[in-house]
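Structure data (compact mmCIF, C-alpha atoms and all ligand atoms) from work00.txt:
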```txt
# COMPACT_ATOMS: atom_id res chain seq x y z
CA MET A 1 13.32 -19.18 -30.50
CA THR A 2 15.14 -15.83 -30.63
CA THR A 3 18.66 -15.41 -29.22
CA ARG A 4 19.08 -12.98 -26.35
CA PRO A 5 21.12 -9.97 -27.43
CA GLU A 6 24.15 -9.16 -25.29
CA ASN A 7 23.34 -6.86 -22.31
CA PHE A 8 19.73 -8.05 -22.12
CA GLU A 9 20.01 -10.27 -19.06
CA PRO A 10 16.85 -11.54 -17.30
CA SER A 11 16.81 -10.64 -13.60
CA HIS A 12 17.86 -13.34 -11.20
CA ARG A 13 15.68 -12.30 -8.27
CA GLY A 14 14.27 -15.28 -6.42
CA ALA A 15 14.79 -17.50 -9.43
CA HIS A 16 14.61 -20.94 -7.82
CA PRO A 17 13.66 -23.63 -10.32
CA SER A 18 10.83 -25.87 -9.08
CA ILE A 19 11.92 -29.50 -9.09
CA ALA A 20 8.30 -30.69 -9.06
CA GLU A 21 7.65 -28.64 -12.22
CA GLU A 22 10.69 -30.18 -13.92
CA LEU A 23 9.43 -33.65 -13.03
CA ALA A 24 5.93 -32.76 -14.27
CA GLY A 25 7.58 -31.89 -17.62
CA ARG A 26 9.21 -35.34 -17.65
CA ALA A 27 5.83 -36.93 -16.82
CA ARG A 28 4.16 -35.10 -19.71
CA GLU A 29 6.89 -36.37 -22.05
CA LEU A 30 6.17 -39.93 -20.92
CA GLU A 31 2.46 -39.27 -21.44
CA GLY A 32 3.21 -37.97 -24.93
CA GLY A 33 4.92 -41.31 -25.58
CA GLY A 34 1.76 -43.22 -24.59
CA ARG A 35 2.32 -43.84 -20.83
CA ASP A 36 -0.58 -43.29 -18.47
CA ILE A 37 0.51 -41.19 -15.48
CA VAL A 38 -1.28 -40.55 -12.18
CA TYR A 39 -0.34 -37.08 -10.93
CA LEU A 40 -0.11 -36.89 -7.14
CA GLN A 41 2.35 -34.00 -7.10
CA VAL A 42 -0.05 -31.08 -7.32
CA GLY A 43 -2.24 -29.65 -4.56
CA GLN A 44 -5.25 -28.77 -6.63
CA PRO A 45 -8.84 -30.03 -6.20
CA SER A 46 -9.96 -32.22 -9.09
CA THR A 47 -13.42 -30.60 -8.86
CA GLY A 48 -14.59 -27.29 -10.26
CA ALA A 49 -16.35 -24.38 -8.58
CA PRO A 50 -19.67 -25.16 -6.85
CA GLU A 51 -22.67 -25.69 -9.05
CA GLY A 52 -24.45 -22.44 -9.80
CA VAL A 53 -21.34 -20.25 -9.61
CA LEU A 54 -21.12 -19.84 -13.38
CA GLU A 55 -24.83 -19.08 -13.52
CA ALA A 56 -24.43 -16.43 -10.80
CA VAL A 57 -21.60 -14.78 -12.76
CA SER A 58 -23.59 -14.94 -15.98
CA GLN A 59 -26.62 -13.33 -14.30
CA ALA A 60 -24.45 -10.60 -12.78
CA SER A 61 -23.03 -9.84 -16.20
CA GLU A 62 -26.53 -8.96 -17.42
CA THR A 63 -26.85 -6.06 -15.01
CA SER A 64 -23.22 -5.06 -14.51
CA THR A 65 -20.18 -4.53 -16.72
CA LEU A 66 -18.12 -6.55 -14.21
CA GLY A 67 -15.48 -3.89 -14.71
CA TYR A 68 -12.90 -2.78 -12.15
CA SER A 69 -13.93 -3.04 -8.50
CA GLY A 70 -12.27 -1.08 -5.72
CA ALA A 71 -8.72 -2.26 -4.97
CA ALA A 72 -9.94 -3.98 -1.77
CA GLY A 73 -12.72 -5.82 -3.62
CA ILE A 74 -16.50 -5.59 -3.69
CA PRO A 75 -18.05 -4.55 -0.34
CA GLU A 76 -20.58 -7.43 -0.44
CA LEU A 77 -17.77 -10.00 -0.49
CA GLN A 78 -15.82 -8.18 2.24
CA ALA A 79 -18.97 -8.18 4.38
CA ARG A 80 -19.73 -11.86 3.67
CA ILE A 81 -16.21 -12.93 4.64
CA ALA A 82 -16.39 -10.79 7.81
CA GLN A 83 -19.67 -12.55 8.67
CA GLN A 84 -17.93 -15.89 8.21
CA TYR A 85 -15.29 -14.98 10.84
CA GLN A 86 -18.18 -14.50 13.24
CA ASP A 87 -19.98 -17.71 12.19
CA LEU A 88 -16.98 -20.06 12.08
CA TYR A 89 -14.66 -18.70 14.74
CA GLY A 90 -16.81 -16.33 16.82
CA VAL A 91 -14.39 -13.50 15.99
CA GLU A 92 -15.53 -10.01 15.11
CA VAL A 93 -13.64 -8.56 12.15
CA GLY A 94 -14.74 -5.29 10.54
CA PRO A 95 -15.47 -5.83 6.80
CA GLU A 96 -13.10 -2.98 5.93
CA ARG A 97 -10.22 -5.07 7.37
CA ILE A 98 -10.82 -7.77 4.71
CA LEU A 99 -8.91 -7.08 1.51
CA ILE A 100 -9.79 -9.26 -1.49
CA THR A 101 -6.71 -10.34 -3.44
CA PHE A 102 -5.39 -12.39 -6.37
CA GLY A 103 -5.41 -15.72 -4.56
CA ALA A 104 -3.47 -16.28 -1.37
CA SER A 105 -0.41 -15.71 -3.57
CA GLY A 106 -1.48 -12.09 -4.10
CA ALA A 107 -2.17 -11.68 -0.39
CA ILE A 108 1.30 -13.00 0.49
CA LEU A 109 2.95 -10.63 -1.98
CA LEU A 110 0.98 -7.66 -0.61
CA ALA A 111 1.76 -8.64 2.99
CA ILE A 112 5.47 -8.76 2.21
CA VAL A 113 5.60 -5.53 0.20
CA GLY A 114 3.31 -3.82 2.69
CA CYS A 115 5.12 -4.84 5.88
CA PHE A 116 8.82 -5.29 5.17
CA ASP A 117 11.51 -3.10 3.73
CA VAL A 118 14.25 -4.41 1.48
CA GLY A 119 16.88 -6.14 3.61
CA GLN A 120 14.56 -6.94 6.54
CA ARG A 121 14.35 -10.56 7.64
CA VAL A 122 11.36 -12.90 7.47
CA ALA A 123 11.61 -16.28 9.18
CA LEU A 124 10.28 -19.39 7.44
CA PRO A 125 9.88 -22.67 9.29
CA GLN A 126 11.06 -25.63 7.21
CA PRO A 127 9.34 -27.38 5.48
CA PHE A 128 7.35 -24.52 3.92
CA TYR A 129 5.14 -23.79 0.92
CA TYR A 130 7.80 -22.84 -1.62
CA GLY A 131 5.85 -19.80 -2.89
CA TYR A 132 6.72 -17.93 0.33
CA ARG A 133 10.42 -18.13 -0.31
CA HIS A 134 10.08 -17.06 -3.94
CA ALA A 135 7.92 -14.08 -2.93
CA ILE A 136 10.19 -13.00 -0.05
CA GLU A 137 13.41 -13.19 -2.05
CA THR A 138 11.96 -11.71 -5.24
CA LEU A 139 10.98 -8.66 -3.21
CA GLY A 140 14.49 -8.17 -1.82
CA VAL A 141 13.59 -9.27 1.71
CA GLU A 142 15.87 -11.78 3.43
CA CYS A 143 14.41 -15.23 3.95
CA VAL A 144 15.66 -16.82 7.17
CA LEU A 145 15.02 -20.56 7.09
CA PHE A 146 14.87 -22.49 10.35
CA ASP A 147 14.20 -26.11 11.25
CA THR A 148 11.12 -27.53 12.93
CA GLN A 149 11.01 -30.85 14.78
CA PRO A 150 9.10 -34.07 13.99
CA GLU A 151 7.90 -34.18 17.62
CA ASN A 152 6.18 -30.82 16.97
CA ASN A 153 4.66 -32.18 13.73
CA LEU A 154 7.12 -30.01 11.80
CA GLN A 155 5.33 -26.86 13.03
CA PRO A 156 7.34 -24.03 14.64
CA THR A 157 7.57 -23.27 18.35
CA VAL A 158 8.68 -20.15 20.21
CA GLU A 159 11.89 -22.01 21.19
CA ASP A 160 12.68 -22.62 17.49
CA ILE A 161 12.25 -18.91 16.78
CA GLU A 162 14.30 -17.84 19.79
CA ALA A 163 17.16 -19.99 18.51
CA ILE A 164 17.41 -17.92 15.31
CA GLU A 165 20.46 -15.66 15.24
CA GLY A 166 19.96 -11.97 14.50
CA PRO A 167 16.83 -9.85 14.27
CA ILE A 168 13.58 -11.18 12.77
CA HIS A 169 10.92 -8.86 11.38
CA GLY A 170 8.34 -11.39 10.23
CA LEU A 171 7.22 -15.00 10.45
CA ILE A 172 4.99 -16.96 8.06
CA VAL A 173 3.18 -20.06 9.31
CA ALA A 174 0.52 -22.24 7.66
CA SER A 175 -1.90 -24.43 9.63
CA PRO A 176 -2.92 -26.86 8.21
CA GLY A 177 0.44 -26.72 6.51
CA ASN A 178 1.76 -27.52 3.07
CA PRO A 179 3.56 -29.93 2.56
CA THR A 180 2.71 -31.64 5.87
CA GLY A 181 -1.02 -31.12 6.47
CA SER A 182 -0.15 -30.81 10.18
CA MET A 183 -1.89 -28.27 12.39
CA LEU A 184 -1.13 -25.99 15.28
CA SER A 185 -3.60 -26.27 18.15
CA PRO A 186 -5.46 -23.05 19.06
CA ASP A 187 -3.15 -22.70 22.10
CA GLU A 188 -0.03 -23.09 19.97
CA LEU A 189 -1.31 -20.52 17.46
CA LYS A 190 -2.14 -18.16 20.32
CA THR A 191 1.32 -18.58 21.84
CA LEU A 192 3.01 -17.80 18.52
CA SER A 193 0.74 -14.81 17.79
CA GLU A 194 1.25 -13.29 21.24
CA TYR A 195 4.98 -13.94 21.22
CA CYS A 196 5.31 -12.23 17.83
CA GLU A 197 3.22 -9.26 18.94
CA LYS A 198 5.37 -8.83 22.05
CA LYS A 199 8.61 -9.05 20.07
CA GLY A 200 7.47 -6.75 17.23
CA ILE A 201 7.57 -9.61 14.72
CA ARG A 202 4.88 -9.41 12.04
CA PHE A 203 3.03 -12.74 12.16
CA ILE A 204 1.45 -13.93 8.90
CA SER A 205 -0.97 -16.81 9.40
CA ASP A 206 -1.75 -18.67 6.18
CA GLU A 207 -5.16 -20.33 6.66
CA ILE A 208 -5.71 -21.44 3.06
CA TYR A 209 -6.50 -25.06 4.09
CA HIS A 210 -9.15 -24.12 6.65
CA GLY A 211 -12.29 -26.15 5.99
CA ILE A 212 -10.23 -29.19 4.94
CA VAL A 213 -9.60 -30.79 8.31
CA TYR A 214 -10.12 -34.32 9.60
CA ASP A 215 -9.23 -34.39 13.24
CA SER A 216 -11.89 -32.81 15.44
CA GLU A 217 -9.46 -32.99 18.35
CA ILE A 218 -7.67 -29.98 16.86
CA PRO A 219 -10.24 -27.23 16.29
CA GLN A 220 -9.49 -24.65 13.64
CA ALA A 221 -8.52 -21.30 15.07
CA THR A 222 -7.77 -18.11 13.21
CA GLY A 223 -4.67 -16.05 13.89
CA CYS A 224 -6.68 -12.82 13.98
CA ALA A 225 -8.42 -14.01 17.18
CA PHE A 226 -5.20 -13.68 19.17
CA SER A 227 -3.46 -10.51 18.11
CA PRO A 228 -4.63 -7.38 16.25
CA GLU A 229 -1.22 -7.31 14.53
CA THR A 230 -1.55 -10.72 12.88
CA ILE A 231 -2.13 -10.75 9.14
CA VAL A 232 -4.32 -13.65 8.02
CA VAL A 233 -4.12 -14.99 4.46
CA ASN A 234 -6.81 -17.18 2.90
CA SER A 235 -8.13 -18.17 -0.52
CA PHE A 236 -10.91 -19.63 -2.64
CA SER A 237 -8.43 -22.09 -4.24
CA LYS A 238 -8.73 -25.05 -1.86
CA TYR A 239 -11.91 -25.55 0.23
CA TYR A 240 -13.95 -23.56 -2.31
CA SER A 241 -12.48 -25.53 -5.21
CA MET A 242 -11.90 -22.40 -7.31
CA ALA A 243 -8.12 -22.52 -7.86
CA GLY A 244 -8.12 -21.04 -11.36
CA TRP A 245 -10.43 -18.16 -10.42
CA ARG A 246 -7.44 -16.60 -8.67
CA LEU A 247 -9.15 -15.11 -5.67
CA GLY A 248 -8.16 -14.88 -2.03
CA TRP A 249 -8.25 -12.46 0.86
CA MET A 250 -6.27 -11.10 3.74
CA VAL A 251 -7.26 -9.72 7.13
CA VAL A 252 -5.11 -6.76 8.13
CA PRO A 253 -4.91 -4.38 11.12
CA ASP A 254 -6.83 -1.08 10.61
CA TYR A 255 -3.74 1.01 10.01
CA LEU A 256 -2.61 -1.27 7.14
CA ILE A 257 -5.91 -1.06 5.19
CA LYS A 258 -4.94 2.12 3.37
CA PRO A 259 -1.28 1.36 2.60
CA ILE A 260 -1.96 -2.22 1.46
CA SER A 261 -5.03 -1.45 -0.64
CA GLY A 262 -3.05 1.47 -2.08
CA LEU A 263 -0.30 -0.95 -3.07
CA ALA A 264 -2.89 -3.32 -4.58
CA HIS A 265 -4.26 -0.45 -6.65
CA ASN A 266 -0.81 0.63 -7.79
CA LEU A 267 0.30 -2.89 -8.66
CA TYR A 268 -2.79 -4.40 -10.32
CA LEU A 269 -5.83 -2.07 -9.83
CA CYS A 270 -8.22 -4.64 -8.38
CA PRO A 271 -8.94 -8.36 -7.96
CA PRO A 272 -10.96 -9.96 -10.80
CA SER A 273 -14.63 -8.90 -10.63
CA PRO A 274 -16.27 -12.03 -12.14
CA ALA A 275 -14.37 -14.19 -9.64
CA GLN A 276 -15.60 -12.01 -6.78
CA VAL A 277 -19.24 -12.47 -7.85
CA GLY A 278 -18.66 -16.23 -8.16
CA ALA A 279 -16.95 -16.39 -4.75
CA LEU A 280 -19.83 -14.56 -3.08
CA TYR A 281 -22.18 -17.24 -4.38
CA ALA A 282 -19.75 -20.06 -3.47
CA MET A 283 -19.70 -19.00 0.17
CA ASP A 284 -23.28 -20.24 0.48
CA CYS A 285 -22.47 -23.68 -0.97
CA ARG A 286 -20.94 -25.31 2.10
CA ASP A 287 -23.06 -28.48 1.82
CA GLU A 288 -21.68 -29.17 -1.65
CA LEU A 289 -18.13 -28.16 -0.67
CA ASP A 290 -18.21 -30.35 2.44
CA GLN A 291 -18.82 -33.32 0.12
CA HIS A 292 -15.37 -32.68 -1.39
CA VAL A 293 -13.94 -32.83 2.12
CA VAL A 294 -15.70 -36.19 2.58
CA ARG A 295 -13.88 -37.36 -0.57
CA TYR A 296 -10.52 -36.04 0.68
CA ALA A 297 -11.14 -37.88 3.96
CA LYS A 298 -11.78 -41.11 2.04
CA ASN A 299 -8.62 -40.58 -0.04
CA ARG A 300 -6.68 -39.92 3.13
CA SER A 301 -7.94 -43.16 4.71
CA ILE A 302 -6.82 -45.11 1.65
CA MET A 303 -3.35 -43.58 1.91
CA LEU A 304 -3.10 -44.06 5.69
CA ASP A 305 -4.34 -47.67 5.45
CA ARG A 306 -2.15 -48.81 2.60
CA MET A 307 0.98 -46.68 2.30
CA PRO A 308 2.69 -47.86 5.53
CA ASP A 309 2.78 -51.46 4.21
CA LEU A 310 4.47 -50.16 1.06
CA GLY A 311 7.32 -48.63 3.05
CA PHE A 312 5.81 -45.14 3.46
CA ASP A 313 5.38 -45.43 7.21
CA ARG A 314 7.17 -42.31 8.45
CA PHE A 315 5.01 -39.22 8.13
CA VAL A 316 3.80 -36.22 10.05
CA ALA A 317 0.22 -36.40 11.42
CA PRO A 318 -1.86 -35.09 8.49
CA HIS A 319 -4.63 -33.30 10.41
CA GLY A 320 -5.78 -31.28 7.41
CA ALA A 321 -5.17 -30.20 3.78
CA PHE A 322 -4.66 -33.10 1.34
CA TYR A 323 -1.03 -34.11 1.68
CA LEU A 324 1.08 -36.90 3.08
CA TYR A 325 4.69 -35.81 3.67
CA CYS A 326 6.73 -39.00 3.99
CA HIS A 327 10.28 -39.51 5.14
CA VAL A 328 11.80 -41.87 2.54
CA GLN A 329 15.52 -41.93 3.33
CA HIS A 330 15.25 -45.67 4.15
CA LEU A 331 13.95 -46.22 0.59
CA HIS A 332 16.44 -43.99 -1.25
CA GLU A 333 19.12 -41.44 -0.31
CA ASP A 334 17.81 -38.94 -2.85
CA SER A 335 14.08 -38.23 -3.04
CA VAL A 336 14.34 -36.57 -6.46
CA GLN A 337 15.79 -39.77 -7.91
CA PHE A 338 13.21 -41.78 -5.97
CA CYS A 339 10.41 -39.72 -7.56
CA ILE A 340 11.95 -40.25 -11.01
CA ASP A 341 12.18 -44.00 -10.38
CA MET A 342 8.57 -44.10 -9.16
CA LEU A 343 7.41 -42.06 -12.16
CA GLU A 344 9.18 -44.34 -14.62
CA GLY A 345 8.53 -47.57 -12.74
CA ALA A 346 4.99 -47.05 -11.44
CA GLY A 347 3.68 -44.19 -13.59
CA VAL A 348 2.93 -42.14 -10.45
CA LEU A 349 4.32 -38.66 -9.88
CA ALA A 350 4.87 -37.29 -6.35
CA ALA A 351 6.66 -34.07 -5.34
CA PRO A 352 10.20 -34.40 -3.96
CA GLY A 353 10.72 -32.60 -0.64
CA SER A 354 13.58 -30.41 -1.89
CA ASP A 355 11.18 -27.65 -3.04
CA PHE A 356 9.80 -27.42 0.49
CA CYS A 357 12.99 -27.77 2.47
CA PRO A 358 16.49 -27.04 1.15
CA THR A 359 18.11 -28.56 4.27
CA ASN A 360 16.71 -32.09 4.34
CA GLY A 361 13.92 -32.18 1.75
CA GLN A 362 16.00 -34.70 -0.18
CA HIS A 363 14.82 -37.26 2.38
CA TYR A 364 11.10 -36.55 1.93
CA ILE A 365 8.39 -36.76 -0.71
CA ARG A 366 4.88 -35.28 -0.73
CA PHE A 367 1.84 -37.11 -2.03
CA SER A 368 -1.27 -35.05 -2.75
CA TYR A 369 -4.61 -36.84 -2.43
CA ALA A 370 -6.71 -33.91 -3.69
CA GLY A 371 -7.76 -35.88 -6.77
CA ALA A 372 -10.52 -38.33 -7.55
CA THR A 373 -10.68 -41.42 -5.28
CA ASP A 374 -10.26 -43.86 -8.19
CA GLN A 375 -7.04 -42.06 -9.15
CA VAL A 376 -5.71 -42.29 -5.60
CA GLU A 377 -6.60 -46.01 -5.49
CA GLU A 378 -4.98 -46.56 -8.86
CA ALA A 379 -1.82 -44.76 -7.73
CA VAL A 380 -1.55 -46.89 -4.57
CA ASP A 381 -2.12 -50.11 -6.60
CA ARG A 382 0.61 -49.10 -9.02
CA ILE A 383 3.05 -48.24 -6.23
CA ALA A 384 2.25 -51.63 -4.61
CA ARG A 385 3.04 -53.48 -7.86
CA TRP A 386 6.20 -51.43 -8.38
CA ARG A 387 7.42 -51.84 -4.80
CA GLY A 388 6.50 -55.54 -4.90
CA GLY A 389 8.72 -55.96 -7.92
CA ALA A 390 11.41 -53.55 -6.69
C1 LIG A 401 0.08 -22.97 1.95
C2 LIG A 401 -0.28 -22.30 0.67
N1 LIG A 401 -0.39 -20.95 0.64
C3 LIG A 401 -0.69 -20.30 -0.49
C4 LIG A 401 -0.91 -20.97 -1.69
C5 LIG A 401 -1.25 -20.18 -2.93
O1 LIG A 401 -2.62 -20.32 -3.17
P1 LIG A 401 -3.49 -19.48 -4.20
O2 LIG A 401 -3.94 -20.44 -5.26
O3 LIG A 401 -4.66 -18.98 -3.41
O4 LIG A 401 -2.66 -18.38 -4.72
C6 LIG A 401 -0.81 -22.37 -1.72
C7 LIG A 401 -1.01 -23.13 -2.96
O5 LIG A 401 -0.89 -24.32 -3.04
C8 LIG A 401 -0.49 -23.04 -0.49
O6 LIG A 401 -0.37 -24.39 -0.44
```
When written as structure tokens, how does the structure in this file appear?
Amino acid sequence: MTTRPENFEPSHRGAHPSIAEELAGRARELEGGGRDIVYLQVGQPSTGAPEGVLEAVSQASETSTLGYSGAAGIPELQARIAQQYQDLYGVEVGPERILITFGASGAILLAIVGCFDVGQRVALPQPFYYGYRHAIETLGVECVLFDTQPENNLQPTVEDIEAIEGPIHGLIVASPGNPTGSMLSPDELKTLSEYCEKKGIRFISDEIYHGIVYDSEIPQATGCAFSPETIVVNSFSKYYSMAGWRLGWMVVPDYLIKPISGLAHNLYLCPPSPAQVGALYAMDCRDELDQHVVRYAKNRSIMLDRMPDLGFDRFVAPHGAFYLYCHVQHLHEDSVQFCIDMLEGAGVLAAPGSDFCPTNGQHYIRFSYAGATDQVEEAVDRIARWRGGA
């Protein structure tokens, strides 16, 4: 390792260490020493891309260089996604309003750079997906954290937003959410979208977990159905099981197409072409992808059936995604230490809530059940033995 010369400081923008990453490092050390660890801290499908995707990419490479695409992506994929808004939600979205991005992460970055100036204020309901905060602060925008209430399933309401002091220029909401898996009803999403439009607040609706839902009482609705100003963010990482392909999309109002695709071009030229070809194919594989959702539903039932008896009986209704966000203050005052104890005692790693909520995340932990069912069962058995002996 080289020593940093004086005057060569790294920047400190948005540099929040991830506690879950630190714990994953500790878990890998234990694994290196011969321990078997079940990882329930990461929200990544244990399956790969749908069958046939690699073949589709390989075939495309015979007739195309798969070189740079336009900054907004290949027109066929834009058109296919636009079609899907019609098929799934009955909403008409012009294909030119769909910008293909580097995962939802890329879409979030572009939305922030494209909509907010340095010093403006974006509101984040706690608990939140920690990537939002990193992106907002790294880009010199102020992140205004506010609390949500358990009786609202830890999703924001207009009253929560009205209680924020000072001006707000943006709001980011995910439904189903990470870390909770809870959802806003179509009416709640509509109320938030319309309120934001009226108040001149840019509403960013993260819909990355659409397709992974369990409760038919809460239909999935898209933010772009309710206000032309809403920016929708989505991705091929979750339902489509293509996390490492790094592809997502955003839906933007007409007048943002040019500035945001211009930014995409200036920052990284274009989204990856092979991934776009693969994603186009994957969009026709819903039967196969729905089988993953059947597995998540089974994993979820195992968790909901067994975890309450093990002391994990305080959680937000997990309508979608693949998470259980449990309040654990009655088990330990400090959820980071609780996760360390569970890792060392049971060989199971969960994510402490502090990454998702600086205010009271120390009282929560998040389990991800995105993995294989036998791993989820094994994790619950281990926790039962550990808690039994605790
Ligand atoms: C709510 C939410 N938004 C965005 C992302 C980033 O996803 P991507 O892999 O598409 O960049 C994640 C990843 O876990 C997430 O949970």
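Taking all atoms listed in the file into account, the residues near (3.9, -34.9, -4.0), no farther than 8 Å, are Ala20, Leu40, Gln41, Val42, Tyr323, Leu324, Tyr325, Leu349, Ala350, Ala351, Pro352, Gly353, Ile365, Arg366, Phe367 and Ser368 of chain A.
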>> Using all atoms listed in the file, which protein or nucleic acid residues come within 9 Å of Pro156 of chain A? Drop anything in the same chain fewer than 6 positions from it, and give the result as a ChimeraX atom specification.
In response: /A:125-126,146-149,173,184,192
Now that the selection is made, can you save its residues with C-alpha atoms as a PDB file, in the coordinates of the input?
```pdb
ATOM      1  CA  PRO A 125       9.880 -22.670   9.290  1.00  0.00           C
ATOM      2  CA  GLN A 126      11.060 -25.630   7.210  1.00  0.00           C
ATOM      3  CA  PHE A 146      14.870 -22.490  10.350  1.00  0.00           C
ATOM      4  CA  ASP A 147      14.200 -26.110  11.250  1.00  0.00           C
ATOM      5  CA  THR A 148      11.120 -27.530  12.930  1.00  0.00           C
ATOM      6  CA  GLN A 149      11.010 -30.850  14.780  1.00  0.00           C
ATOM      7  CA  VAL A 173       3.180 -20.060   9.310  1.00  0.00           C
ATOM      8  CA  LEU A 184      -1.130 -25.990  15.280  1.00  0.00           C
ATOM      9  CA  LEU A 192       3.010 -17.800  18.520  1.00  0.00           C
TER      10      LEU A 192
END
```
Site check for ligand LIG 401 (chain A): residues at most 6 Å away, all atoms listed in the file, as a compact mmCIF listing (two decimals) with C-alpha atoms, in the coordinates of the input:
```txt
# COMPACT_ATOMS: atom_id res chain seq x y z
CA GLY A 43 -2.24 -29.65 -4.56
CA GLY A 103 -5.41 -15.72 -4.56
CA ALA A 104 -3.47 -16.28 -1.37
CA SER A 105 -0.41 -15.71 -3.57
CA TYR A 129 5.14 -23.79 0.92
CA ALA A 174 0.52 -22.24 7.66
CA GLY A 177 0.44 -26.72 6.51
CA ASN A 178 1.76 -27.52 3.07
CA ILE A 208 -5.71 -21.44 3.06
CA SER A 235 -8.13 -18.17 -0.52
CA SER A 237 -8.43 -22.09 -4.24
CA ALA A 243 -8.12 -22.52 -7.86
CA GLY A 248 -8.16 -14.88 -2.03
```
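Residues in contact range of Ile340 of chain A, defined as at most 12 Å between all atoms listed in the file, with sequence neighbours fewer than 5 positions away removed, read Ile19, Ala20, Glu22, Leu23, Ala24, Gly25, Arg26, Ala27, Leu30, His332, Asp334, Ser335, Gly345, Ala346, Gly347, Val348, Leu349, Ala350, Ala351, Pro352 and Ile365 of chain A.
Reported to one decimal place, the separation of atom CA of Arg246 of chain A from atom CA of Ser69 of chain A is 15.0 Å.
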Would you give the centre and edge lengths, in Å to one decimal, of a box along x, y and z around the listed atoms of segment 239-254 of chain A, with 5 Å added to each side, as JSON?
```
{"center_x": -9.4, "center_y": -13.3, "center_z": -0.1, "size_x": 19.0, "size_y": 34.5, "size_z": 32.5}
```
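By all atoms listed in the file, and with residues fewer than 5 positions from Asn152 of chain A along its chain excluded, the set lying at most 12 Å from it is Pro125, Asp147, Thr157, Val158, Glu159, Asp160, Thr180, Ser182, Met183, Leu184, Ser185, Glu188, Val316 and Ala317 of chain A.
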For segment 349-362 of chain A, supply N, CA and C atoms and report the output as a PDB file, in the frame of the given file.
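Saved as result.pdb:
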```
ATOM      1  N   LEU A 349       3.427 -39.787 -10.177  1.00  0.00           N
ATOM      2  CA  LEU A 349       4.320 -38.660  -9.880  1.00  0.00           C
ATOM      3  C   LEU A 349       3.986 -38.067  -8.515  1.00  0.00           C
ATOM      4  N   ALA A 350       4.998 -37.989  -7.646  1.00  0.00           N
ATOM      5  CA  ALA A 350       4.870 -37.290  -6.350  1.00  0.00           C
ATOM      6  C   ALA A 350       5.850 -36.122  -6.367  1.00  0.00           C
ATOM      7  N   ALA A 351       5.754 -35.231  -5.383  1.00  0.00           N
ATOM      8  CA  ALA A 351       6.660 -34.070  -5.340  1.00  0.00           C
ATOM      9  C   ALA A 351       7.820 -34.354  -4.396  1.00  0.00           C
ATOM     10  N   PRO A 352       9.066 -34.216  -4.870  1.00  0.00           N
ATOM     11  CA  PRO A 352      10.200 -34.400  -3.960  1.00  0.00           C
ATOM     12  C   PRO A 352      10.217 -33.277  -2.918  1.00  0.00           C
ATOM     13  N   GLY A 353      10.745 -33.586  -1.729  1.00  0.00           N
ATOM     14  CA  GLY A 353      10.720 -32.600  -0.640  1.00  0.00           C
ATOM     15  C   GLY A 353      11.633 -31.407  -0.836  1.00  0.00           C
ATOM     16  N   SER A 354      12.565 -31.478  -1.791  1.00  0.00           N
ATOM     17  CA  SER A 354      13.580 -30.410  -1.890  1.00  0.00           C
ATOM     18  C   SER A 354      12.964 -29.030  -2.144  1.00  0.00           C
ATOM     19  N   ASP A 355      11.818 -28.958  -2.831  1.00  0.00           N
ATOM     20  CA  ASP A 355      11.180 -27.650  -3.040  1.00  0.00           C
ATOM     21  C   ASP A 355      10.716 -27.042  -1.717  1.00  0.00           C
ATOM     22  N   PHE A 356      10.402 -27.895  -0.762  1.00  0.00           N
ATOM     23  CA  PHE A 356       9.800 -27.420   0.490  1.00  0.00           C
ATOM     24  C   PHE A 356      10.832 -27.234   1.595  1.00  0.00           C
ATOM     25  N   CYS A 357      11.999 -27.828   1.394  1.00  0.00           N
ATOM     26  CA  CYS A 357      12.990 -27.770   2.470  1.00  0.00           C
ATOM     27  C   CYS A 357      14.388 -27.985   1.898  1.00  0.00           C
ATOM     28  N   PRO A 358      15.147 -26.886   1.709  1.00  0.00           N
ATOM     29  CA  PRO A 358      16.490 -27.040   1.150  1.00  0.00           C
ATOM     30  C   PRO A 358      17.396 -27.873   2.030  1.00  0.00           C
ATOM     31  N   THR A 359      17.173 -27.882   3.367  1.00  0.00           N
ATOM     32  CA  THR A 359      18.110 -28.560   4.270  1.00  0.00           C
ATOM     33  C   THR A 359      18.003 -30.083   4.215  1.00  0.00           C
ATOM     34  N   ASN A 360      16.784 -30.624   4.374  1.00  0.00           N
ATOM     35  CA  ASN A 360      16.710 -32.090   4.340  1.00  0.00           C
ATOM     36  C   ASN A 360      15.523 -32.613   3.518  1.00  0.00           C
ATOM     37  N   GLY A 361      15.025 -31.756   2.622  1.00  0.00           N
ATOM     38  CA  GLY A 361      13.920 -32.180   1.750  1.00  0.00           C
ATOM     39  C   GLY A 361      14.288 -33.350   0.857  1.00  0.00           C
ATOM     40  N   GLN A 362      15.601 -33.567   0.682  1.00  0.00           N
ATOM     41  CA  GLN A 362      16.000 -34.700  -0.180  1.00  0.00           C
ATOM     42  C   GLN A 362      15.658 -36.039   0.456  1.00  0.00           C
TER      43      GLN A 362
END
```
